[in-house]
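Asker: This one is target-v8.pdb, PDB, N, CA and C atoms, pLDDT in the B column.
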ATOM      1  N   MET G   1       0.846  -1.177   0.000  1.00 79.00           N
ATOM      2  CA  MET G   1       0.000   0.000   0.000  1.00 79.00           C
ATOM      3  C   MET G   1       0.894   1.244   0.000  1.00 79.00           C
ATOM      4  N   LYS G   2       0.550   2.218  -0.821  1.00 83.00           N
ATOM      5  CA  LYS G   2       1.322   3.454  -0.879  1.00 83.00           C
ATOM      6  C   LYS G   2       1.182   4.231   0.429  1.00 83.00           C
ATOM      7  N   THR G   3       2.198   4.981   0.750  1.00 83.00           N
ATOM      8  CA  THR G   3       2.218   5.726   2.009  1.00 83.00           C
ATOM      9  C   THR G   3       1.051   6.697   2.122  1.00 83.00           C
ATOM     10  N   ASP G   4       0.764   7.453   1.051  1.00 83.00           N
ATOM     11  CA  ASP G   4      -0.322   8.428   1.132  1.00 83.00           C
ATOM     12  C   ASP G   4      -1.681   7.752   1.327  1.00 83.00           C
ATOM     13  N   THR G   5      -1.881   6.600   0.709  1.00 87.00           N
ATOM     14  CA  THR G   5      -3.127   5.848   0.890  1.00 87.00           C
ATOM     15  C   THR G   5      -3.220   5.337   2.318  1.00 87.00           C
ATOM     16  N   TYR G   6      -2.129   4.815   2.826  1.00 87.00           N
ATOM     17  CA  TYR G   6      -2.090   4.312   4.201  1.00 87.00           C
ATOM     18  C   TYR G   6      -2.418   5.419   5.199  1.00 87.00           C
ATOM     19  N   LEU G   7      -1.795   6.596   5.019  1.00 82.00           N
ATOM     20  CA  LEU G   7      -2.035   7.700   5.949  1.00 82.00           C
ATOM     21  C   LEU G   7      -3.469   8.197   5.889  1.00 82.00           C
ATOM     22  N   LYS G   8      -4.053   8.252   4.702  1.00 83.00           N
ATOM     23  CA  LYS G   8      -5.454   8.671   4.587  1.00 83.00           C
ATOM     24  C   LYS G   8      -6.369   7.715   5.343  1.00 83.00           C
ATOM     25  N   LYS G   9      -6.122   6.424   5.222  1.00 85.00           N
ATOM     26  CA  LYS G   9      -6.937   5.433   5.940  1.00 85.00           C
ATOM     27  C   LYS G   9      -6.711   5.530   7.451  1.00 85.00           C
ATOM     28  N   LEU G  10      -5.466   5.710   7.834  1.00 83.00           N
ATOM     29  CA  LEU G  10      -5.138   5.822   9.249  1.00 83.00           C
ATOM     30  C   LEU G  10      -5.840   7.023   9.872  1.00 83.00           C
ATOM     31  N   TYR G  11      -5.722   8.191   9.234  1.00 79.00           N
ATOM     32  CA  TYR G  11      -6.347   9.399   9.769  1.00 79.00           C
ATOM     33  C   TYR G  11      -7.871   9.322   9.704  1.00 79.00           C
ATOM     34  N   ALA G  12      -8.436   8.658   8.717  1.00 82.00           N
ATOM     35  CA  ALA G  12      -9.885   8.503   8.635  1.00 82.00           C
ATOM     36  C   ALA G  12     -10.407   7.703   9.828  1.00 82.00           C
ATOM     37  N   ASN G  13      -9.620   6.743  10.289  1.00 82.00           N
ATOM     38  CA  ASN G  13     -10.009   5.960  11.461  1.00 82.00           C
ATOM     39  C   ASN G  13      -9.761   6.702  12.766  1.00 82.00           C
ATOM     40  N   ARG G  14      -8.826   7.620  12.757  1.00 84.00           N
ATOM     41  CA  ARG G  14      -8.426   8.312  13.979  1.00 84.00           C
ATOM     42  C   ARG G  14      -9.249   9.574  14.237  1.00 84.00           C
ATOM     43  N   PHE G  15      -9.632  10.303  13.190  1.00 83.00           N
ATOM     44  CA  PHE G  15     -10.325  11.579  13.331  1.00 83.00           C
ATOM     45  C   PHE G  15     -11.615  11.580  12.527  1.00 83.00           C
ATOM     46  N   ASP G  16     -12.697  12.165  13.097  1.00 86.00           N
ATOM     47  CA  ASP G  16     -13.894  12.356  12.283  1.00 86.00           C
ATOM     48  C   ASP G  16     -13.684  13.591  11.395  1.00 86.00           C
ATOM     49  N   SER G  17     -14.603  13.851  10.482  1.00 87.00           N
ATOM     50  CA  SER G  17     -14.388  14.916   9.495  1.00 87.00           C
ATOM     51  C   SER G  17     -14.257  16.288  10.141  1.00 87.00           C
ATOM     52  N   ARG G  18     -15.006  16.552  11.203  1.00 92.00           N
ATOM     53  CA  ARG G  18     -14.907  17.842  11.896  1.00 92.00           C
ATOM     54  C   ARG G  18     -13.531  18.017  12.544  1.00 92.00           C
ATOM     55  N   GLN G  19     -13.047  16.972  13.188  1.00 90.00           N
ATOM     56  CA  GLN G  19     -11.725  17.019  13.809  1.00 90.00           C
ATOM     57  C   GLN G  19     -10.640  17.198  12.752  1.00 90.00           C
ATOM     58  N   MET G  20     -10.792  16.519  11.628  1.00 86.00           N
ATOM     59  CA  MET G  20      -9.798  16.606  10.563  1.00 86.00           C
ATOM     60  C   MET G  20      -9.750  18.024   9.989  1.00 86.00           C
ATOM     61  N   GLN G  21     -10.919  18.658   9.784  1.00 91.00           N
ATOM     62  CA  GLN G  21     -10.957  20.030   9.283  1.00 91.00           C
ATOM     63  C   GLN G  21     -10.286  20.982  10.270  1.00 91.00           C
ATOM     64  N   ALA G  22     -10.533  20.793  11.560  1.00 93.00           N
ATOM     65  CA  ALA G  22      -9.915  21.632  12.585  1.00 93.00           C
ATOM     66  C   ALA G  22      -8.402  21.422  12.608  1.00 93.00           C
ATOM     67  N   LYS G  23      -7.972  20.182  12.473  1.00 89.00           N
ATOM     68  CA  LYS G  23      -6.539  19.861  12.452  1.00 89.00           C
ATOM     69  C   LYS G  23      -5.850  20.518  11.255  1.00 89.00           C
ATOM     70  N   VAL G  24      -6.463  20.430  10.089  1.00 90.00           N
ATOM     71  CA  VAL G  24      -5.894  21.029   8.883  1.00 90.00           C
ATOM     72  C   VAL G  24      -5.823  22.550   9.030  1.00 90.00           C
ATOM     73  N   ALA G  25      -6.880  23.164   9.566  1.00 95.00           N
ATOM     74  CA  ALA G  25      -6.905  24.617   9.749  1.00 95.00           C
ATOM     75  C   ALA G  25      -5.819  25.067  10.733  1.00 95.00           C
ATOM     76  N   LEU G  26      -5.655  24.338  11.817  1.00 94.00           N
ATOM     77  CA  LEU G  26      -4.626  24.667  12.806  1.00 94.00           C
ATOM     78  C   LEU G  26      -3.230  24.590  12.198  1.00 94.00           C
ATOM     79  N   TRP G  27      -2.945  23.496  11.487  1.00 89.00           N
ATOM     80  CA  TRP G  27      -1.613  23.341  10.889  1.00 89.00           C
ATOM     81  C   TRP G  27      -1.340  24.376   9.814  1.00 89.00           C
ATOM     82  N   LYS G  28      -2.379  24.793   9.084  1.00 94.00           N
ATOM     83  CA  LYS G  28      -2.192  25.826   8.063  1.00 94.00           C
ATOM     84  C   LYS G  28      -1.717  27.128   8.700  1.00 94.00           C
ATOM     85  N   VAL G  29      -2.342  27.516   9.803  1.00 94.00           N
ATOM     86  CA  VAL G  29      -1.930  28.735  10.504  1.00 94.00           C
ATOM     87  C   VAL G  29      -0.517  28.582  11.062  1.00 94.00           C
ATOM     88  N   LEU G  30      -0.238  27.452  11.704  1.00 91.00           N
ATOM     89  CA  LEU G  30       1.095  27.239  12.272  1.00 91.00           C
ATOM     90  C   LEU G  30       2.187  27.297  11.205  1.00 91.00           C
ATOM     91  N   ILE G  31       1.925  26.678  10.076  1.00 88.00           N
ATOM     92  CA  ILE G  31       2.921  26.659   9.001  1.00 88.00           C
ATOM     93  C   ILE G  31       3.066  28.031   8.365  1.00 88.00           C
ATOM     94  N   ASP G  32       1.936  28.633   7.967  1.00 91.00           N
ATOM     95  CA  ASP G  32       1.975  29.915   7.261  1.00 91.00           C
ATOM     96  C   ASP G  32       2.500  31.057   8.129  1.00 91.00           C
ATOM     97  N   GLU G  33       2.126  31.074   9.394  1.00 92.00           N
ATOM     98  CA  GLU G  33       2.445  32.218  10.255  1.00 92.00           C
ATOM     99  C   GLU G  33       3.707  32.039  11.096  1.00 92.00           C
ATOM    100  N   PHE G  34       4.211  30.820  11.214  1.00 89.00           N
ATOM    101  CA  PHE G  34       5.352  30.620  12.107  1.00 89.00           C
ATOM    102  C   PHE G  34       6.438  29.736  11.512  1.00 89.00           C
ATOM    103  N   LEU G  35       6.122  28.499  11.241  1.00 86.00           N
ATOM    104  CA  LEU G  35       7.149  27.521  10.878  1.00 86.00           C
ATOM    105  C   LEU G  35       7.834  27.805   9.547  1.00 86.00           C
ATOM    106  N   GLN G  36       7.101  28.351   8.579  1.00 87.00           N
ATOM    107  CA  GLN G  36       7.683  28.571   7.259  1.00 87.00           C
ATOM    108  C   GLN G  36       8.864  29.541   7.309  1.00 87.00           C
ATOM    109  N   ASP G  37       8.909  30.406   8.312  1.00 90.00           N
ATOM    110  CA  ASP G  37      10.045  31.327   8.465  1.00 90.00           C
ATOM    111  C   ASP G  37      11.347  30.587   8.757  1.00 90.00           C
ATOM    112  N   TYR G  38      11.246  29.379   9.296  1.00 88.00           N
ATOM    113  CA  TYR G  38      12.429  28.624   9.706  1.00 88.00           C
ATOM    114  C   TYR G  38      12.796  27.485   8.758  1.00 88.00           C
ATOM    115  N   VAL G  39      11.898  27.132   7.850  1.00 85.00           N
ATOM    116  CA  VAL G  39      12.137  26.010   6.948  1.00 85.00           C
ATOM    117  C   VAL G  39      11.983  26.491   5.508  1.00 85.00           C
ATOM    118  N   PRO G  40      13.070  26.520   4.757  1.00 86.00           N
ATOM    119  CA  PRO G  40      12.982  26.937   3.358  1.00 86.00           C
ATOM    120  C   PRO G  40      12.057  26.004   2.561  1.00 86.00           C
ATOM    121  N   PRO G  41      11.344  26.541   1.558  1.00 82.00           N
ATOM    122  CA  PRO G  41      10.387  25.739   0.788  1.00 82.00           C
ATOM    123  C   PRO G  41      10.994  24.487   0.141  1.00 82.00           C
ATOM    124  N   GLU G  42      12.270  24.520  -0.209  1.00 90.00           N
ATOM    125  CA  GLU G  42      12.883  23.364  -0.876  1.00 90.00           C
ATOM    126  C   GLU G  42      13.379  22.301   0.113  1.00 90.00           C
ATOM    127  N   SER G  43      13.190  22.517   1.403  1.00 88.00           N
ATOM    128  CA  SER G  43      13.668  21.585   2.426  1.00 88.00           C
ATOM    129  C   SER G  43      12.758  20.374   2.582  1.00 88.00           C
ATOM    130  N   ALA G  44      13.337  19.309   3.097  1.00 85.00           N
ATOM    131  CA  ALA G  44      12.572  18.123   3.481  1.00 85.00           C
ATOM    132  C   ALA G  44      12.384  18.167   4.989  1.00 85.00           C
ATOM    133  N   VAL G  45      11.236  17.699   5.457  1.00 79.00           N
ATOM    134  CA  VAL G  45      10.923  17.734   6.883  1.00 79.00           C
ATOM    135  C   VAL G  45      10.565  16.330   7.341  1.00 79.00           C
ATOM    136  N   LEU G  46      11.109  15.925   8.472  1.00 80.00           N
ATOM    137  CA  LEU G  46      10.786  14.638   9.075  1.00 80.00           C
ATOM    138  C   LEU G  46       9.749  14.873  10.162  1.00 80.00           C
ATOM    139  N   ASP G  47       8.599  14.222  10.035  1.00 75.00           N
ATOM    140  CA  ASP G  47       7.539  14.327  11.038  1.00 75.00           C
ATOM    141  C   ASP G  47       7.750  13.220  12.038  1.00 75.00           C
ATOM    142  N   ARG G  48       8.032  13.591  13.264  1.00 75.00           N
ATOM    143  CA  ARG G  48       8.304  12.604  14.310  1.00 75.00           C
ATOM    144  C   ARG G  48       7.210  12.682  15.352  1.00 75.00           C
ATOM    145  N   PHE G  49       6.505  11.592  15.562  1.00 71.00           N
ATOM    146  CA  PHE G  49       5.360  11.572  16.455  1.00 71.00           C
ATOM    147  C   PHE G  49       5.574  10.492  17.502  1.00 71.00           C
ATOM    148  N   GLN G  50       5.303  10.819  18.742  1.00 66.00           N
ATOM    149  CA  GLN G  50       5.502   9.857  19.818  1.00 66.00           C
ATOM    150  C   GLN G  50       4.272   9.834  20.701  1.00 66.00           C
ATOM    151  N   VAL G  51       3.809   8.658  21.029  1.00 65.00           N
ATOM    152  CA  VAL G  51       2.674   8.501  21.925  1.00 65.00           C
ATOM    153  C   VAL G  51       3.156   7.729  23.141  1.00 65.00           C
ATOM    154  N   ILE G  52       2.851   8.244  24.310  1.00 66.00           N
ATOM    155  CA  ILE G  52       3.202   7.557  25.549  1.00 66.00           C
ATOM    156  C   ILE G  52       1.906   7.069  26.178  1.00 66.00           C
ATOM    157  N   CYS G  53       1.818   5.787  26.371  1.00 60.00           N
ATOM    158  CA  CYS G  53       0.597   5.207  26.944  1.00 60.00           C
ATOM    159  C   CYS G  53       0.766   4.971  28.418  1.00 60.00           C
TER     160      CYS G  53
END
Turn this file's structure into structure tokens for me.
Answerer:
Amino acid sequence: MKTDTYLKKLYANRFDSRQMQAKVALWKVLIDEFLQDYVPPESAVLDRFQVIC
């Protein structure tokens, strides 16, 4: 399974549509207003996520 297909299925199971819209809106503001100043557009970014149970 391709990575993008896998992630879409994973997030569909994890978040309902309202939560997903809120998540996308939040990240858009964070990226546009803050993070983009520190990461050039041609850069690659590693997303590292950790859950502690």
Asker: Could you write out, as a ChimeraX atom specification, all the residues of chain G that DSSP marks as helix (DSSP H, G or I)?
Answerer: /G:3-14,17-33,35-37
Asker: Next, dump the selected residues to file, keeping only N, CA and C atoms, as an mmCIF file, in the coordinates of the input.
Answerer:
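Output below, filename part.cif:
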data_model
loop_
_atom_site.group_PDB
_atom_site.id
_atom_site.type_symbol
_atom_site.label_atom_id
_atom_site.label_comp_id
_atom_site.auth_asym_id
_atom_site.auth_seq_id
_atom_site.Cartn_x
_atom_site.Cartn_y
_atom_site.Cartn_z
ATOM 1 N N THR G 3 2.198 4.981 0.750
ATOM 2 C CA THR G 3 2.218 5.726 2.009
ATOM 3 C C THR G 3 1.051 6.697 2.122
ATOM 4 N N ASP G 4 0.764 7.453 1.051
ATOM 5 C CA ASP G 4 -0.322 8.428 1.132
ATOM 6 C C ASP G 4 -1.681 7.752 1.327
ATOM 7 N N THR G 5 -1.881 6.600 0.709
ATOM 8 C CA THR G 5 -3.127 5.848 0.890
ATOM 9 C C THR G 5 -3.220 5.337 2.318
ATOM 10 N N TYR G 6 -2.129 4.815 2.826
ATOM 11 C CA TYR G 6 -2.090 4.312 4.201
ATOM 12 C C TYR G 6 -2.418 5.419 5.199
ATOM 13 N N LEU G 7 -1.795 6.596 5.019
ATOM 14 C CA LEU G 7 -2.035 7.700 5.949
ATOM 15 C C LEU G 7 -3.469 8.197 5.889
ATOM 16 N N LYS G 8 -4.053 8.252 4.702
ATOM 17 C CA LYS G 8 -5.454 8.671 4.587
ATOM 18 C C LYS G 8 -6.369 7.715 5.343
ATOM 19 N N LYS G 9 -6.122 6.424 5.222
ATOM 20 C CA LYS G 9 -6.937 5.433 5.940
ATOM 21 C C LYS G 9 -6.711 5.530 7.451
ATOM 22 N N LEU G 10 -5.466 5.710 7.834
ATOM 23 C CA LEU G 10 -5.138 5.822 9.249
ATOM 24 C C LEU G 10 -5.840 7.023 9.872
ATOM 25 N N TYR G 11 -5.722 8.191 9.234
ATOM 26 C CA TYR G 11 -6.347 9.399 9.769
ATOM 27 C C TYR G 11 -7.871 9.322 9.704
ATOM 28 N N ALA G 12 -8.436 8.658 8.717
ATOM 29 C CA ALA G 12 -9.885 8.503 8.635
ATOM 30 C C ALA G 12 -10.407 7.703 9.828
ATOM 31 N N ASN G 13 -9.620 6.743 10.289
ATOM 32 C CA ASN G 13 -10.009 5.960 11.461
ATOM 33 C C ASN G 13 -9.761 6.702 12.766
ATOM 34 N N ARG G 14 -8.826 7.620 12.757
ATOM 35 C CA ARG G 14 -8.426 8.312 13.979
ATOM 36 C C ARG G 14 -9.249 9.574 14.237
ATOM 37 N N SER G 17 -14.603 13.851 10.482
ATOM 38 C CA SER G 17 -14.388 14.916 9.495
ATOM 39 C C SER G 17 -14.257 16.288 10.141
ATOM 40 N N ARG G 18 -15.006 16.552 11.203
ATOM 41 C CA ARG G 18 -14.907 17.842 11.896
ATOM 42 C C ARG G 18 -13.531 18.017 12.544
ATOM 43 N N GLN G 19 -13.047 16.972 13.188
ATOM 44 C CA GLN G 19 -11.725 17.019 13.809
ATOM 45 C C GLN G 19 -10.640 17.198 12.752
ATOM 46 N N MET G 20 -10.792 16.519 11.628
ATOM 47 C CA MET G 20 -9.798 16.606 10.563
ATOM 48 C C MET G 20 -9.750 18.024 9.989
ATOM 49 N N GLN G 21 -10.919 18.658 9.784
ATOM 50 C CA GLN G 21 -10.957 20.030 9.283
ATOM 51 C C GLN G 21 -10.286 20.982 10.270
ATOM 52 N N ALA G 22 -10.533 20.793 11.560
ATOM 53 C CA ALA G 22 -9.915 21.632 12.585
ATOM 54 C C ALA G 22 -8.402 21.422 12.608
ATOM 55 N N LYS G 23 -7.972 20.182 12.473
ATOM 56 C CA LYS G 23 -6.539 19.861 12.452
ATOM 57 C C LYS G 23 -5.850 20.518 11.255
ATOM 58 N N VAL G 24 -6.463 20.430 10.089
ATOM 59 C CA VAL G 24 -5.894 21.029 8.883
ATOM 60 C C VAL G 24 -5.823 22.550 9.030
ATOM 61 N N ALA G 25 -6.880 23.164 9.566
ATOM 62 C CA ALA G 25 -6.905 24.617 9.749
ATOM 63 C C ALA G 25 -5.819 25.067 10.733
ATOM 64 N N LEU G 26 -5.655 24.338 11.817
ATOM 65 C CA LEU G 26 -4.626 24.667 12.806
ATOM 66 C C LEU G 26 -3.230 24.590 12.198
ATOM 67 N N TRP G 27 -2.945 23.496 11.487
ATOM 68 C CA TRP G 27 -1.613 23.341 10.889
ATOM 69 C C TRP G 27 -1.340 24.376 9.814
ATOM 70 N N LYS G 28 -2.379 24.793 9.084
ATOM 71 C CA LYS G 28 -2.192 25.826 8.063
ATOM 72 C C LYS G 28 -1.717 27.128 8.700
ATOM 73 N N VAL G 29 -2.342 27.516 9.803
ATOM 74 C CA VAL G 29 -1.930 28.735 10.504
ATOM 75 C C VAL G 29 -0.517 28.582 11.062
ATOM 76 N N LEU G 30 -0.238 27.452 11.704
ATOM 77 C CA LEU G 30 1.095 27.239 12.272
ATOM 78 C C LEU G 30 2.187 27.297 11.205
ATOM 79 N N ILE G 31 1.925 26.678 10.076
ATOM 80 C CA ILE G 31 2.921 26.659 9.001
ATOM 81 C C ILE G 31 3.066 28.031 8.365
ATOM 82 N N ASP G 32 1.936 28.633 7.967
ATOM 83 C CA ASP G 32 1.975 29.915 7.261
ATOM 84 C C ASP G 32 2.500 31.057 8.129
ATOM 85 N N GLU G 33 2.126 31.074 9.394
ATOM 86 C CA GLU G 33 2.445 32.218 10.255
ATOM 87 C C GLU G 33 3.707 32.039 11.096
ATOM 88 N N LEU G 35 6.122 28.499 11.241
ATOM 89 C CA LEU G 35 7.149 27.521 10.878
ATOM 90 C C LEU G 35 7.834 27.805 9.547
ATOM 91 N N GLN G 36 7.101 28.351 8.579
ATOM 92 C CA GLN G 36 7.683 28.571 7.259
ATOM 93 C C GLN G 36 8.864 29.541 7.309
ATOM 94 N N ASP G 37 8.909 30.406 8.312
ATOM 95 C CA ASP G 37 10.045 31.327 8.465
ATOM 96 C C ASP G 37 11.347 30.587 8.757
#
Asker: Measuring between only C-alpha atoms, which one of G:Thr3, G:Pro40, G:Tyr11, G:Leu46 shows the shortest distance to G:Val24?
Answerer: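 Selected residue with least distance to G:Val24: G:Tyr11.
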Asker: Would you mind reading off the distance between atom C of G:Lys8 and atom N of G:Val29, one decimal, in Å?
Answerer: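 Rounded to one decimal, the two atoms are 20.7 Å apart.
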Asker: Using Å and a single decimal, report how far atom CA of G:Lys2 sits from atom C of G:Arg18.
Answerer: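 Between atom C of G:Arg18 and atom CA of G:Lys2 the gap works out to 24.8 Å.
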Asker: Atom N of G:Asn13 to atom CA of G:Met1: how many Å, to one decimal?
Answerer: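 Atom CA of G:Met1 lies 15.6 Å from atom N of G:Asn13.
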Asker: Selecting all heavy atoms, how would stretch 5-16 of chain G from this structure be written as a CSV table (one decimal), in the first residue's frame?
Answerer:
chain,number,residue,atom,x,y,z
G,5,THR,N,-1.9,6.6,0.7
G,5,THR,CA,-3.1,5.8,0.9
G,5,THR,C,-3.2,5.3,2.3
G,5,THR,O,-4.3,5.4,3.0
G,5,THR,CB,-3.2,4.7,-0.1
G,5,THR,OG1,-3.1,5.2,-1.4
G,5,THR,CG2,-4.5,3.9,0.0
G,6,TYR,N,-2.1,4.8,2.8
G,6,TYR,CA,-2.1,4.3,4.2
G,6,TYR,C,-2.4,5.4,5.2
G,6,TYR,O,-3.2,5.2,6.1
G,6,TYR,CB,-0.7,3.7,4.5
G,6,TYR,CG,-0.5,3.4,6.0
G,6,TYR,CD1,-1.1,2.2,6.5
G,6,TYR,CD2,0.2,4.2,6.8
G,6,TYR,CE1,-0.9,1.9,7.8
G,6,TYR,CE2,0.4,3.9,8.1
G,6,TYR,CZ,-0.2,2.8,8.7
G,6,TYR,OH,0.0,2.5,10.0
G,7,LEU,N,-1.8,6.6,5.0
G,7,LEU,CA,-2.0,7.7,5.9
G,7,LEU,C,-3.5,8.2,5.9
G,7,LEU,O,-4.1,8.5,6.9
G,7,LEU,CB,-1.1,8.8,5.7
G,7,LEU,CG,0.4,8.6,6.1
G,7,LEU,CD1,1.3,9.7,5.6
G,7,LEU,CD2,0.5,8.3,7.5
G,8,LYS,N,-4.1,8.3,4.7
G,8,LYS,CA,-5.5,8.7,4.6
G,8,LYS,C,-6.4,7.7,5.3
G,8,LYS,O,-7.3,8.1,6.1
G,8,LYS,CB,-5.9,8.7,3.1
G,8,LYS,CG,-5.3,10.0,2.4
G,8,LYS,CD,-5.7,10.0,1.0
G,8,LYS,CE,-5.1,11.1,0.2
G,8,LYS,NZ,-5.4,11.2,-1.2
G,9,LYS,N,-6.1,6.4,5.2
G,9,LYS,CA,-6.9,5.4,5.9
G,9,LYS,C,-6.7,5.5,7.5
G,9,LYS,O,-7.6,5.4,8.2
G,9,LYS,CB,-6.6,4.0,5.5
G,9,LYS,CG,-7.2,3.7,4.1
G,9,LYS,CD,-6.9,2.3,3.7
G,9,LYS,CE,-7.5,2.0,2.3
G,9,LYS,NZ,-7.4,0.6,1.9
G,10,LEU,N,-5.5,5.7,7.8
G,10,LEU,CA,-5.1,5.8,9.2
G,10,LEU,C,-5.8,7.0,9.9
G,10,LEU,O,-6.5,6.9,10.9
G,10,LEU,CB,-3.6,6.0,9.4
G,10,LEU,CG,-3.1,6.2,10.9
G,10,LEU,CD1,-3.4,4.9,11.7
G,10,LEU,CD2,-1.7,6.5,10.8
G,11,TYR,N,-5.7,8.2,9.2
G,11,TYR,CA,-6.3,9.4,9.8
G,11,TYR,C,-7.9,9.3,9.7
G,11,TYR,O,-8.6,9.9,10.6
G,11,TYR,CB,-5.8,10.6,9.1
G,11,TYR,CG,-4.4,11.0,9.5
G,11,TYR,CD1,-3.5,11.5,8.6
G,11,TYR,CD2,-4.0,10.9,10.8
G,11,TYR,CE1,-2.3,11.9,8.9
G,11,TYR,CE2,-2.8,11.3,11.2
G,11,TYR,CZ,-1.9,11.8,10.3
G,11,TYR,OH,-0.6,12.1,10.6
G,12,ALA,N,-8.4,8.7,8.7
G,12,ALA,CA,-9.9,8.5,8.6
G,12,ALA,C,-10.4,7.7,9.8
G,12,ALA,O,-11.5,8.0,10.3
G,12,ALA,CB,-10.3,7.8,7.3
G,13,ASN,N,-9.6,6.7,10.3
G,13,ASN,CA,-10.0,6.0,11.5
G,13,ASN,C,-9.8,6.7,12.8
G,13,ASN,O,-10.4,6.4,13.8
G,13,ASN,CB,-9.2,4.6,11.5
G,13,ASN,CG,-9.7,3.7,10.4
G,13,ASN,OD1,-10.9,3.7,10.0
G,13,ASN,ND2,-8.8,2.9,9.9
G,14,ARG,N,-8.8,7.6,12.8
G,14,ARG,CA,-8.4,8.3,14.0
G,14,ARG,C,-9.2,9.6,14.2
G,14,ARG,O,-9.5,9.9,15.4
G,14,ARG,CB,-6.9,8.7,13.9
G,14,ARG,CG,-6.4,9.2,15.2
G,14,ARG,CD,-4.9,9.5,15.1
G,14,ARG,NE,-4.2,8.3,15.1
G,14,ARG,CZ,-2.9,8.2,14.9
G,14,ARG,NH1,-2.2,9.3,14.7
G,14,ARG,NH2,-2.3,7.0,14.9
G,15,PHE,N,-9.6,10.3,13.2
G,15,PHE,CA,-10.3,11.6,13.3
G,15,PHE,C,-11.6,11.6,12.5
G,15,PHE,O,-11.6,11.1,11.4
G,15,PHE,CB,-9.4,12.7,12.8
G,15,PHE,CG,-8.1,12.8,13.5
G,15,PHE,CD1,-7.0,12.5,12.8
G,15,PHE,CD2,-8.0,13.3,14.8
G,15,PHE,CE1,-5.7,12.5,13.3
G,15,PHE,CE2,-6.7,13.3,15.4
G,15,PHE,CZ,-5.6,13.0,14.7
G,16,ASP,N,-12.7,12.2,13.1
G,16,ASP,CA,-13.9,12.4,12.3
G,16,ASP,C,-13.7,13.6,11.4
G,16,ASP,O,-12.7,14.3,11.5
G,16,ASP,CB,-15.2,12.5,13.1
G,16,ASP,CG,-15.2,13.7,14.1
G,16,ASP,OD1,-14.6,14.7,13.7
G,16,ASP,OD2,-15.9,13.6,15.1
